[in-house]
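Containing mmCIF, C-alpha atoms: final.cif.
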data_query
loop_
_atom_site.label_atom_id
_atom_site.label_comp_id
_atom_site.auth_asym_id
_atom_site.auth_seq_id
_atom_site.Cartn_x
_atom_site.Cartn_y
_atom_site.Cartn_z
CA MET A 1 -19.98 5.88 -7.78
CA PRO A 2 -21.70 9.12 -6.78
CA GLU A 3 -19.46 11.31 -4.69
CA GLN A 4 -20.64 11.81 -1.18
CA GLN A 5 -20.86 15.27 0.26
CA VAL A 6 -18.30 15.50 3.03
CA SER A 7 -17.63 18.61 5.08
CA PRO A 8 -13.98 19.70 5.54
CA GLU A 9 -14.23 18.74 9.24
CA GLN A 10 -15.49 15.26 8.40
CA LEU A 11 -12.77 14.84 5.80
CA LYS A 12 -10.10 15.87 8.29
CA ALA A 13 -11.46 13.49 10.92
CA LEU A 14 -11.49 10.69 8.33
CA GLN A 15 -7.92 11.39 7.23
CA GLU A 16 -6.84 11.38 10.88
CA LYS A 17 -8.61 8.06 11.41
CA ILE A 18 -6.97 6.50 8.34
CA LYS A 19 -3.54 7.70 9.49
CA GLN A 20 -3.90 5.89 12.80
CA MET A 21 -5.02 2.58 11.27
CA SER A 22 -2.80 -0.48 11.35
CA PRO A 23 -2.10 -2.03 7.92
CA GLU A 24 -4.71 -4.72 8.66
CA GLU A 25 -7.33 -2.16 9.64
CA LEU A 26 -6.51 -0.12 6.57
CA LYS A 27 -6.99 -3.13 4.32
CA GLU A 28 -10.39 -3.84 5.95
CA PHE A 29 -11.34 -0.19 5.49
CA GLN A 30 -10.34 -0.25 1.80
CA LYS A 31 -12.33 -3.44 1.26
CA LYS A 32 -15.46 -1.85 2.70
CA GLN A 33 -15.07 1.13 0.36
CA CYS A 34 -14.36 -0.98 -2.71
CA VAL A 35 -17.20 -1.71 -5.16
CA PHE A 36 -15.34 -4.70 -6.57
CA CYS A 37 -14.83 -6.24 -3.13
CA GLN A 38 -18.60 -5.93 -2.70
CA ILE A 39 -19.08 -7.70 -6.03
CA VAL A 40 -16.66 -10.47 -4.96
CA ALA A 41 -18.61 -10.79 -1.68
CA GLY A 42 -21.87 -11.03 -3.63
CA LYS A 43 -23.28 -7.86 -2.04
CA ILE A 44 -23.51 -6.21 -5.44
CA GLN A 45 -24.97 -8.22 -8.31
CA SER A 46 -22.89 -9.15 -11.33
CA ARG A 47 -22.95 -11.58 -14.24
CA LYS A 48 -20.40 -14.17 -13.18
CA ILE A 49 -18.61 -15.98 -15.99
CA PHE A 50 -15.99 -17.88 -14.02
CA GLU A 51 -14.91 -18.22 -10.41
CA ASP A 52 -12.30 -20.12 -8.41
CA GLU A 53 -10.51 -19.62 -5.07
CA ASN A 54 -8.40 -16.71 -6.30
CA VAL A 55 -10.29 -14.94 -9.06
CA LEU A 56 -13.72 -13.87 -10.25
CA ALA A 57 -14.55 -13.10 -13.89
CA ILE A 58 -17.64 -10.99 -14.58
CA LEU A 59 -19.13 -9.22 -17.59
CA ASP A 60 -18.20 -5.52 -17.69
CA ILE A 61 -21.33 -3.37 -17.39
CA ASN A 62 -19.70 -0.86 -19.77
CA PRO A 63 -18.39 -3.26 -22.40
CA ALA A 64 -16.15 -2.37 -25.33
CA ASN A 65 -17.75 -5.33 -27.12
CA PRO A 66 -20.33 -7.92 -26.04
CA GLY A 67 -18.60 -10.50 -23.83
CA HIS A 68 -16.02 -8.04 -22.42
CA ILE A 69 -14.77 -9.66 -19.19
CA LEU A 70 -13.35 -8.11 -16.04
CA LEU A 71 -11.06 -10.56 -14.29
CA LEU A 72 -10.75 -9.60 -10.61
CA THR A 73 -8.62 -10.94 -7.79
CA LYS A 74 -10.80 -11.93 -4.84
CA GLU A 75 -8.22 -10.37 -2.54
CA HIS A 76 -8.16 -6.57 -2.51
CA TYR A 77 -5.06 -5.21 -4.25
CA SER A 78 -5.19 -1.56 -5.36
CA ILE A 79 -2.39 -1.91 -7.89
CA MET A 80 -0.71 -4.69 -9.83
CA PRO A 81 2.77 -4.36 -8.17
CA GLN A 82 1.13 -5.46 -4.89
CA LEU A 83 0.21 -8.89 -6.28
CA PRO A 84 2.44 -11.77 -5.16
CA ASP A 85 3.99 -13.87 -7.94
CA ASP A 86 1.65 -16.84 -7.47
CA GLU A 87 -1.42 -14.57 -7.76
CA ILE A 88 -0.02 -13.00 -10.95
CA ALA A 89 0.52 -16.45 -12.46
CA HIS A 90 -2.96 -17.59 -11.47
CA VAL A 91 -4.71 -14.48 -12.81
CA PHE A 92 -3.12 -14.72 -16.24
CA MET A 93 -3.52 -18.49 -16.57
CA ALA A 94 -7.21 -17.76 -15.99
CA ALA A 95 -7.03 -14.91 -18.52
CA LYS A 96 -5.64 -17.30 -21.13
CA SER A 97 -8.43 -19.81 -20.48
CA LEU A 98 -11.06 -17.07 -20.66
CA SER A 99 -9.59 -15.80 -23.93
CA ASN A 100 -9.81 -19.35 -25.30
CA SER A 101 -13.44 -19.58 -24.13
CA MET A 102 -14.24 -16.39 -26.04
CA LEU A 103 -12.64 -17.61 -29.28
CA ARG A 104 -14.65 -20.85 -29.08
CA GLY A 105 -17.86 -19.63 -27.53
CA ILE A 106 -18.86 -16.32 -29.06
CA GLU A 107 -17.58 -16.28 -32.64
CA VAL A 108 -14.89 -13.64 -32.36
CA GLN A 109 -11.58 -13.55 -34.22
CA GLY A 110 -9.31 -12.16 -31.55
CA THR A 111 -8.95 -10.96 -27.98
CA ASN A 112 -7.08 -8.24 -26.13
CA ILE A 113 -5.82 -8.62 -22.58
CA ILE A 114 -5.23 -5.24 -20.96
CA VAL A 115 -4.15 -4.07 -17.52
CA ALA A 116 -4.06 -0.36 -16.73
CA ASN A 117 -1.76 0.68 -13.89
CA GLY A 118 -2.29 4.26 -12.77
CA VAL A 119 -4.68 6.99 -13.94
CA ALA A 120 -2.38 7.92 -16.84
CA ALA A 121 -2.88 4.38 -18.18
CA GLY A 122 -6.66 4.56 -17.67
CA GLN A 123 -7.01 2.80 -14.30
CA ARG A 124 -10.24 3.97 -12.67
CA ALA A 125 -10.96 1.42 -9.96
CA GLN A 126 -8.84 0.92 -6.84
CA HIS A 127 -9.01 -2.85 -7.27
CA PHE A 128 -6.67 -4.77 -9.55
CA MET A 129 -8.32 -6.20 -12.66
CA ALA A 130 -7.47 -7.46 -16.12
CA HIS A 131 -9.75 -6.69 -19.07
CA ILE A 132 -10.33 -9.41 -21.64
CA ILE A 133 -11.97 -7.95 -24.72
CA PRO A 134 -13.35 -10.02 -27.61
CA ARG A 135 -12.43 -8.59 -31.01
CA LYS A 136 -13.77 -8.68 -34.56
CA GLU A 137 -12.79 -6.85 -37.74
CA ASN A 138 -14.21 -3.30 -37.83
CA ASP A 139 -15.66 -3.43 -34.33
CA GLY A 140 -15.09 0.27 -33.75
CA ILE A 141 -12.23 -0.16 -31.26
CA ASN A 142 -9.17 1.80 -32.26
CA PHE A 143 -6.23 1.11 -30.02
CA VAL A 144 -3.23 3.20 -30.99
CA LEU A 145 0.30 2.00 -30.34
CA PRO A 146 2.43 4.33 -32.44
CA GLN A 147 5.73 3.05 -33.83
CA ASN A 148 8.43 5.59 -33.16
CA SER A 149 11.95 5.25 -34.40
CA MET A 150 14.19 5.77 -31.42
CA GLN A 151 17.87 6.56 -31.30
CA GLN A 152 20.14 3.68 -30.33
CA ALA A 153 21.72 5.84 -27.61
CA GLU A 154 18.33 6.51 -26.04
CA ILE A 155 17.45 2.81 -26.04
CA GLU A 156 20.77 1.99 -24.39
CA ALA A 157 20.25 4.61 -21.68
CA VAL A 158 16.64 3.63 -20.92
CA GLY A 159 17.53 -0.06 -21.06
CA ASN A 160 20.40 0.33 -18.60
CA LYS A 161 18.11 2.12 -16.13
CA LEU A 162 15.63 -0.74 -16.35
CA ILE A 163 18.34 -3.37 -15.99
CA ALA A 164 19.61 -1.61 -12.86
CA ALA A 165 16.10 -1.43 -11.40
CA LEU A 166 15.59 -5.13 -12.16
CA GLY A 167 18.73 -5.91 -10.21
CA GLY A 168 21.65 -6.39 -12.56
CA THR A 169 22.64 -7.82 -15.90
CA PRO A 170 19.80 -9.51 -17.81
CA LYS A 171 21.13 -12.98 -17.01
CA GLU A 172 21.54 -12.21 -13.33
CA ALA A 173 18.35 -10.24 -12.92
CA GLU A 174 16.33 -13.24 -11.87
CA LYS A 175 18.70 -14.33 -9.13
CA GLU A 176 19.45 -10.94 -7.69
CA SER A 177 16.13 -9.20 -8.15
CA LYS A 178 15.90 -6.73 -5.30
CA GLY A 179 12.69 -6.02 -3.48
CA ILE A 180 10.63 -3.37 -5.21
CA ASN A 181 9.73 -0.22 -3.36
CA LEU A 182 5.95 -0.55 -3.14
CA ASP A 183 5.56 2.63 -1.11
CA GLU A 184 7.16 4.70 -3.85
CA ILE A 185 5.05 3.13 -6.57
CA SER A 186 1.89 3.46 -4.50
CA LYS A 187 2.65 7.16 -4.08
CA ILE A 188 3.07 7.65 -7.82
CA LEU A 189 -0.21 5.86 -8.46
CA GLY A 190 -2.07 7.71 -5.74
CA ALA A 191 -2.94 4.42 -4.04
CA ARG A 192 -2.25 3.97 -0.35
CA MET B 1 6.08 -24.52 -38.20
CA LYS B 2 9.82 -24.78 -38.82
CA ALA B 3 9.62 -22.41 -41.77
CA ALA B 4 7.49 -19.98 -39.79
CA LYS B 5 10.04 -20.03 -36.98
CA THR B 6 12.91 -19.19 -39.33
CA ALA B 7 10.93 -16.25 -40.65
CA CYS B 8 9.90 -15.10 -37.19
CA LEU B 9 11.27 -11.69 -36.32
CA VAL B 10 10.94 -12.39 -32.60
CA CYS B 11 12.82 -15.69 -32.83
CA GLN B 12 15.61 -13.85 -34.66
CA ILE B 13 15.73 -11.27 -31.86
CA ILE B 14 15.87 -14.07 -29.27
CA GLU B 15 18.70 -15.76 -31.18
CA SER B 16 20.49 -12.38 -31.39
CA LYS B 17 20.38 -12.48 -35.20
CA ILE B 18 18.64 -9.12 -35.00
CA PRO B 19 20.22 -6.77 -32.45
CA SER B 20 18.08 -5.51 -29.57
CA LYS B 21 18.55 -4.19 -26.05
CA LYS B 22 17.96 -7.11 -23.70
CA ILE B 23 16.78 -6.12 -20.27
CA TYR B 24 15.81 -9.52 -18.86
CA GLU B 25 16.47 -13.15 -19.65
CA ASP B 26 15.91 -16.51 -17.99
CA GLU B 27 15.35 -20.07 -19.23
CA LEU B 28 11.90 -19.40 -20.66
CA VAL B 29 11.51 -15.66 -21.05
CA MET B 30 13.28 -12.76 -22.71
CA ALA B 31 12.44 -9.05 -22.51
CA VAL B 32 13.84 -6.42 -24.87
CA LEU B 33 13.48 -2.78 -25.81
CA ASP B 34 12.75 -2.21 -29.47
CA VAL B 35 13.70 0.61 -31.82
CA ASN B 36 10.05 0.72 -32.87
CA GLY B 37 8.51 1.11 -29.44
CA ALA B 38 5.52 3.38 -28.89
CA VAL B 39 7.36 5.39 -26.22
CA PRO B 40 10.86 5.19 -24.70
CA GLY B 41 10.96 2.18 -22.38
CA HIS B 42 8.30 0.16 -24.26
CA CYS B 43 9.27 -3.43 -23.40
CA PHE B 44 8.44 -6.59 -25.29
CA VAL B 45 8.23 -9.69 -23.09
CA MET B 46 8.20 -12.98 -24.97
CA PRO B 47 8.61 -16.72 -24.54
CA LYS B 48 11.86 -18.05 -26.02
CA THR B 49 9.90 -20.85 -27.64
CA HIS B 50 8.01 -19.97 -30.82
CA TYR B 51 4.29 -19.93 -29.99
CA PRO B 52 2.25 -17.93 -32.53
CA ILE B 53 -0.80 -17.45 -30.26
CA ILE B 54 -1.53 -17.39 -26.53
CA GLU B 55 -3.49 -20.62 -26.69
CA GLN B 56 -0.29 -22.51 -27.50
CA VAL B 57 1.71 -21.06 -24.60
CA PRO B 58 1.76 -23.57 -21.70
CA ASP B 59 0.19 -22.32 -18.44
CA LYS B 60 3.49 -22.46 -16.58
CA GLU B 61 5.10 -20.17 -19.15
CA ILE B 62 2.11 -17.81 -19.07
CA GLY B 63 2.64 -17.47 -15.31
CA LYS B 64 6.34 -16.76 -15.73
CA LEU B 65 5.81 -14.29 -18.61
CA PHE B 66 3.36 -12.17 -16.63
CA GLN B 67 5.46 -12.33 -13.45
CA VAL B 68 8.35 -10.90 -15.45
CA SER B 69 6.03 -8.30 -17.00
CA ASN B 70 4.88 -7.22 -13.55
CA LYS B 71 8.50 -6.85 -12.37
CA ILE B 72 9.34 -4.81 -15.46
CA SER B 73 6.27 -2.65 -14.88
CA SER B 74 7.51 -1.96 -11.33
CA ALA B 75 11.00 -1.23 -12.66
CA ILE B 76 9.48 1.28 -15.11
CA PHE B 77 7.82 3.13 -12.22
CA GLU B 78 11.02 3.12 -10.17
CA SER B 79 13.53 4.07 -12.79
CA LEU B 80 11.78 5.95 -15.61
CA GLY B 81 9.44 8.21 -13.66
CA ALA B 82 6.37 6.94 -15.50
CA GLN B 83 2.91 7.94 -14.25
CA GLY B 84 1.46 4.60 -15.21
CA THR B 85 2.07 1.41 -17.16
CA SER B 86 -0.07 -0.50 -19.61
CA ILE B 87 0.14 -4.25 -20.01
CA PHE B 88 -1.21 -5.07 -23.47
CA VAL B 89 -1.63 -8.34 -25.34
CA ALA B 90 -3.13 -8.71 -28.82
CA ASN B 91 -4.36 -12.15 -29.84
CA GLY B 92 -5.25 -12.42 -33.52
CA ILE B 93 -5.11 -9.91 -36.34
CA PRO B 94 -8.40 -8.11 -35.52
CA ALA B 95 -6.98 -7.49 -32.04
CA GLY B 96 -3.86 -5.89 -33.51
CA GLN B 97 -1.42 -8.83 -33.40
CA THR B 98 1.30 -8.06 -35.95
CA VAL B 99 3.91 -10.74 -35.23
CA ALA B 100 3.22 -14.48 -35.09
CA HIS B 101 5.05 -14.92 -31.78
CA PHE B 102 3.19 -14.36 -28.53
CA THR B 103 4.35 -11.05 -27.01
CA ILE B 104 3.38 -8.98 -23.98
CA ASN B 105 3.77 -5.20 -24.33
CA VAL B 106 4.73 -3.36 -21.13
CA ILE B 107 4.41 0.34 -21.86
CA PRO B 108 5.40 3.30 -19.66
CA ARG B 109 2.57 5.84 -19.62
CA LYS B 110 2.22 9.59 -19.22
CA GLU B 111 -0.65 11.96 -19.89
CA ASN B 112 -1.00 12.72 -23.64
CA ASP B 113 1.68 10.27 -24.73
CA GLY B 114 0.00 9.37 -28.03
CA VAL B 115 -0.86 5.84 -26.87
CA ASN B 116 -4.55 4.98 -26.82
CA LEU B 117 -5.76 1.81 -25.13
CA GLN B 118 -9.18 3.18 -24.15
CA TRP B 119 -12.57 2.29 -25.54
CA GLN B 120 -16.06 3.75 -25.80
CA PRO B 121 -18.59 1.67 -23.86
CA LYS B 122 -21.31 0.22 -26.07
CA GLN B 123 -24.95 -0.45 -25.22
CA PHE B 124 -26.53 -3.84 -25.83
CA SER B 125 -29.96 -5.27 -25.16
CA GLU B 126 -30.59 -7.49 -22.16
CA GLU B 127 -31.18 -10.35 -24.57
CA GLU B 128 -27.84 -9.91 -26.34
CA ILE B 129 -25.93 -9.78 -23.06
CA SER B 130 -27.72 -12.81 -21.62
CA THR B 131 -26.99 -14.82 -24.77
CA VAL B 132 -23.28 -13.95 -24.62
CA GLU B 133 -23.24 -14.75 -20.89
CA LEU B 134 -24.71 -18.21 -21.45
CA LYS B 135 -22.41 -19.01 -24.38
CA LEU B 136 -19.32 -17.99 -22.41
CA LYS B 137 -20.38 -19.97 -19.34
CA GLU B 138 -20.84 -23.03 -21.51
CA HIS B 139 -17.11 -22.83 -22.24
CA THR B 140 -15.75 -21.55 -18.92
CA LYS B 141 -17.30 -24.36 -16.88
CA ASN B 142 -14.42 -26.63 -17.99
CA ILE B 143 -11.75 -24.23 -16.71
CA GLY B 144 -10.35 -25.27 -13.40
CA TYR B 145 -6.95 -26.78 -13.56
CA PHE B 146 -3.86 -24.79 -14.40
CA GLU B 147 -0.48 -26.40 -15.03
CA LYS B 148 1.45 -24.54 -12.37
CA GLU B 149 4.41 -26.89 -12.35
CA GLU B 150 5.82 -29.05 -15.10
CA LYS B 151 3.65 -30.61 -17.75
CA LYS B 152 1.30 -33.34 -16.62
CA PRO B 153 -1.31 -35.11 -18.66
CA ARG B 154 -4.56 -33.19 -18.42
CA ALA B 155 -7.88 -34.81 -17.82
CA HIS B 156 -9.69 -32.05 -19.69
CA ALA B 157 -7.07 -30.98 -22.18
CA PRO B 158 -8.70 -28.26 -24.27
CA LYS B 159 -8.64 -28.84 -27.99
CA THR B 160 -6.13 -26.49 -29.51
CA ARG B 161 -7.07 -24.66 -32.61
CA PRO B 162 -3.78 -23.26 -33.83
CA PHE B 163 -3.56 -20.97 -36.80
CA SER B 164 -3.62 -22.80 -40.09
CA GLU B 165 -0.52 -22.91 -42.26
CA GLU B 166 -1.92 -20.10 -44.42
CA GLU B 167 -2.59 -17.92 -41.43
CA ASP B 168 0.89 -18.61 -40.16
CA GLU B 169 2.25 -17.79 -43.60
CA HIS B 170 0.17 -14.63 -43.64
CA PHE B 171 1.79 -13.58 -40.36
CA ALA B 172 5.21 -14.40 -41.72
CA ASN B 173 4.52 -12.21 -44.74
CA GLN B 174 3.37 -9.39 -42.51
CA MET B 175 6.55 -9.69 -40.50
CA ARG B 176 8.75 -9.40 -43.56
CA ARG B 177 7.24 -5.99 -44.14
CA LEU B 178 8.36 -4.86 -40.70
CA PRO B 179 11.57 -2.83 -40.64
#

For the file at hand, write its structure as structure tokens.
Amino acid sequence: MPEQQVSPEQLKALQEKIKQMSPEELKEFQKKQCVFCQIVAGKIQSRKIFEDENVLAILDINPANPGHILLLTKEHYSIMPQLPDDEIAHVFMAAKSLSNSMLRGIEVQGTNIIVANGVAAGQRAQHFMAHIIPRKENDGINFVLPQNSMQQAEIEAVGNKLIAALGGTPKEAEKESKGINLDEISKILGAR
Amino acid sequence: MKAAKTACLVCQIIESKIPSKKIYEDELVMAVLDVNGAVPGHCFVMPKTHYPIIEQVPDKEIGKLFQVSNKISSAIFESLGAQGTSIFVANGIPAGQTVAHFTINVIPRKENDGVNLQWQPKQFSEEEISTVELKLKEHTKNIGYFEKEEKKPRAHAPKTRPFSEEEDEHFANQMRRLP
């Protein structure tokens, strides 16, 4: 999206306006600003591959490979932690079906499913999406996941922090899972 | 399949025959930290049942696996001070799948952390894109019913095309080379 020229006064007025919005108004405001909400609403054209009540799958206009799908929630969520459990389940059941469709329909030998949360992970849009990328041998994509040998003590320490954040011992985590602090996470990710 | 399961590194982790740091467990799902993670806090989320590829994982378990992954991703933000998280799944060898047991990677991210999950956009002709679009739609038009609860008979059960025995064996061989 081309950046609009905004004077400092206009920016300040806008920030003031956003501050005074109710959560509902803010959500409406975000939707209006969001390219992907416009695509969901049909105001911006896209090549639709699949659609149901909750999700829309379109072809990425900047594909890693031909057939690269963006799977969007119809509802506007800026970041993945905002999605309720039933939406998460629905999105990835759809992702599985779309991956199967790729393997059968366009003669590829594999697929990647990728979600980027935060700029450091490569998230560019302020609308949650999953990428489903068809793969072939020697297709020029070079994902790097290095294998590092870590010290047992470090793994213990990191693991215990995660267990605590998940709400207790691994067995109990499900039952006692505490509410996550969305405000904190949103701040880290620069999403409101 | 039985032989493949015995050789499966992930099944051995789940059965505690190989030690790992468990961070989450319920009836269907287990999540662990691995000594060979890409960065500290790299979590592997996997079904307890041995499914080599995503196609074989029932919808209900897919839902649960990604719900757990999302919770772990949030826990990574809260407790490890990560600037981002990547959720990464590789289906098939060309996609980078190295173990014949469906696994979701949840990876804490920072700037310049040595992980690369980016791609260069490619250009294709209008004709190529339209052909791919039509072929995909031919297959996606049958999607529409997900098994959100327990298993029920499906009117449009998709034909499964699991890996052949040799492919499974190939995976097993690859796994034996892993430390």

Could you please determine the separation between atom CA of Gly63 of chain B and atom CA of Glu147 of chain B in Å, to one decimal place?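 That distance, rounded to one decimal, is 9.5 Å.
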
Residues near Met150 of chain A, anyone? I mean within 10 Å using only C-alpha atoms, not counting same-chain ones fewer than 6 positions away, as a ChimeraX atom specification. /B:34-40

Decode the PyMOL selection byres ((chain A and resi 78) around 6) for the given file into explicit residues and return them as a ChimeraX atom specification. /A:77,79,126-128

Closest of B:Ile53, B:Ile14, B:Val68, B:Ile23 to chain A - atom-to-atom distances counting only C-alpha atoms: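 Ranked by minimum distance to chain A, first place goes to B:Ile23.
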
On this file, the PyMOL selection byres ((chain B and resi 134) around 12) gives some set of residues; write that set as a VMD selection string. (chain A and resid 47 to 50 59 67 101 to 102 105 to 106) or (chain B and resid 127 to 133 135 to 141)

Save the residues we just selected, C-alpha atoms, as a short mmCIF file (atom, residue, chain, number, x, y, z; two decimals), keeping the file's coordinate frame?
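The resulting again_36.cif:
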data_model
loop_
_atom_site.label_atom_id
_atom_site.label_comp_id
_atom_site.auth_asym_id
_atom_site.auth_seq_id
_atom_site.Cartn_x
_atom_site.Cartn_y
_atom_site.Cartn_z
CA ARG A 47 -22.95 -11.58 -14.24
CA LYS A 48 -20.40 -14.17 -13.18
CA ILE A 49 -18.61 -15.98 -15.99
CA PHE A 50 -15.99 -17.88 -14.02
CA LEU A 59 -19.13 -9.22 -17.59
CA GLY A 67 -18.60 -10.50 -23.83
CA SER A 101 -13.44 -19.58 -24.13
CA MET A 102 -14.24 -16.39 -26.04
CA GLY A 105 -17.86 -19.63 -27.53
CA ILE A 106 -18.86 -16.32 -29.06
CA GLU B 127 -31.18 -10.35 -24.57
CA GLU B 128 -27.84 -9.91 -26.34
CA ILE B 129 -25.93 -9.78 -23.06
CA SER B 130 -27.72 -12.81 -21.62
CA THR B 131 -26.99 -14.82 -24.77
CA VAL B 132 -23.28 -13.95 -24.62
CA GLU B 133 -23.24 -14.75 -20.89
CA LYS B 135 -22.41 -19.01 -24.38
CA LEU B 136 -19.32 -17.99 -22.41
CA LYS B 137 -20.38 -19.97 -19.34
CA GLU B 138 -20.84 -23.03 -21.51
CA HIS B 139 -17.11 -22.83 -22.24
CA THR B 140 -15.75 -21.55 -18.92
CA LYS B 141 -17.30 -24.36 -16.88
#

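Between chain B and the residues A:Asn62, A:Ile69, A:Val108, A:Cys34, the shortest atom-to-atom distance, using only C-alpha atoms, involves A:Asn62.
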
Determine the residue membership of the PyMOL selection byres ((chain A and resi 73) around 10) for the file above and supply it as a PyMOL selection string. chain A and resi 36-37+40+51-57+70-72+74-77+83+87-88+90-91+127-130

Show me that you can extract segment 127-138 of chain A, keeping N, CA and C atoms, and write it as a CSV table (one decimal), in the first residue's frame.
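The result, written out as selection.csv:
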chain,number,residue,atom,x,y,z
A,127,HIS,N,-3.6,-8.5,9.4
A,127,HIS,CA,-4.8,-9.3,9.3
A,127,HIS,C,-4.3,-10.8,9.3
A,128,PHE,N,-4.8,-11.6,10.3
A,128,PHE,CA,-4.2,-12.9,10.4
A,128,PHE,C,-4.4,-13.7,9.1
A,129,MET,N,-3.4,-14.5,8.8
A,129,MET,CA,-3.5,-15.4,7.6
A,129,MET,C,-2.5,-16.5,7.8
A,130,ALA,N,-2.8,-17.6,7.1
A,130,ALA,CA,-1.9,-18.7,7.0
A,130,ALA,C,-1.5,-18.9,5.5
A,131,HIS,N,-0.2,-19.1,5.3
A,131,HIS,CA,0.3,-19.4,3.9
A,131,HIS,C,0.3,-20.9,3.7
A,132,ILE,N,-0.2,-21.3,2.5
A,132,ILE,CA,0.0,-22.7,2.2
A,132,ILE,C,0.7,-22.7,0.8
A,133,ILE,N,1.9,-23.2,0.9
A,133,ILE,CA,2.8,-23.1,-0.3
A,133,ILE,C,3.1,-24.5,-0.9
A,134,PRO,N,2.7,-24.7,-2.2
A,134,PRO,CA,3.0,-25.9,-2.8
A,134,PRO,C,4.5,-26.1,-3.1
A,135,ARG,N,5.1,-27.3,-2.9
A,135,ARG,CA,6.5,-27.5,-3.0
A,135,ARG,C,6.9,-28.6,-4.0
A,136,LYS,N,8.0,-28.3,-4.7
A,136,LYS,CA,8.6,-29.4,-5.6
A,136,LYS,C,10.1,-29.4,-5.3
A,137,GLU,N,10.8,-30.5,-5.7
A,137,GLU,CA,12.2,-30.5,-5.6
A,137,GLU,C,12.8,-29.3,-6.3
A,138,ASN,N,13.9,-28.7,-5.8
A,138,ASN,CA,14.6,-27.6,-6.5
A,138,ASN,C,13.7,-26.5,-7.0
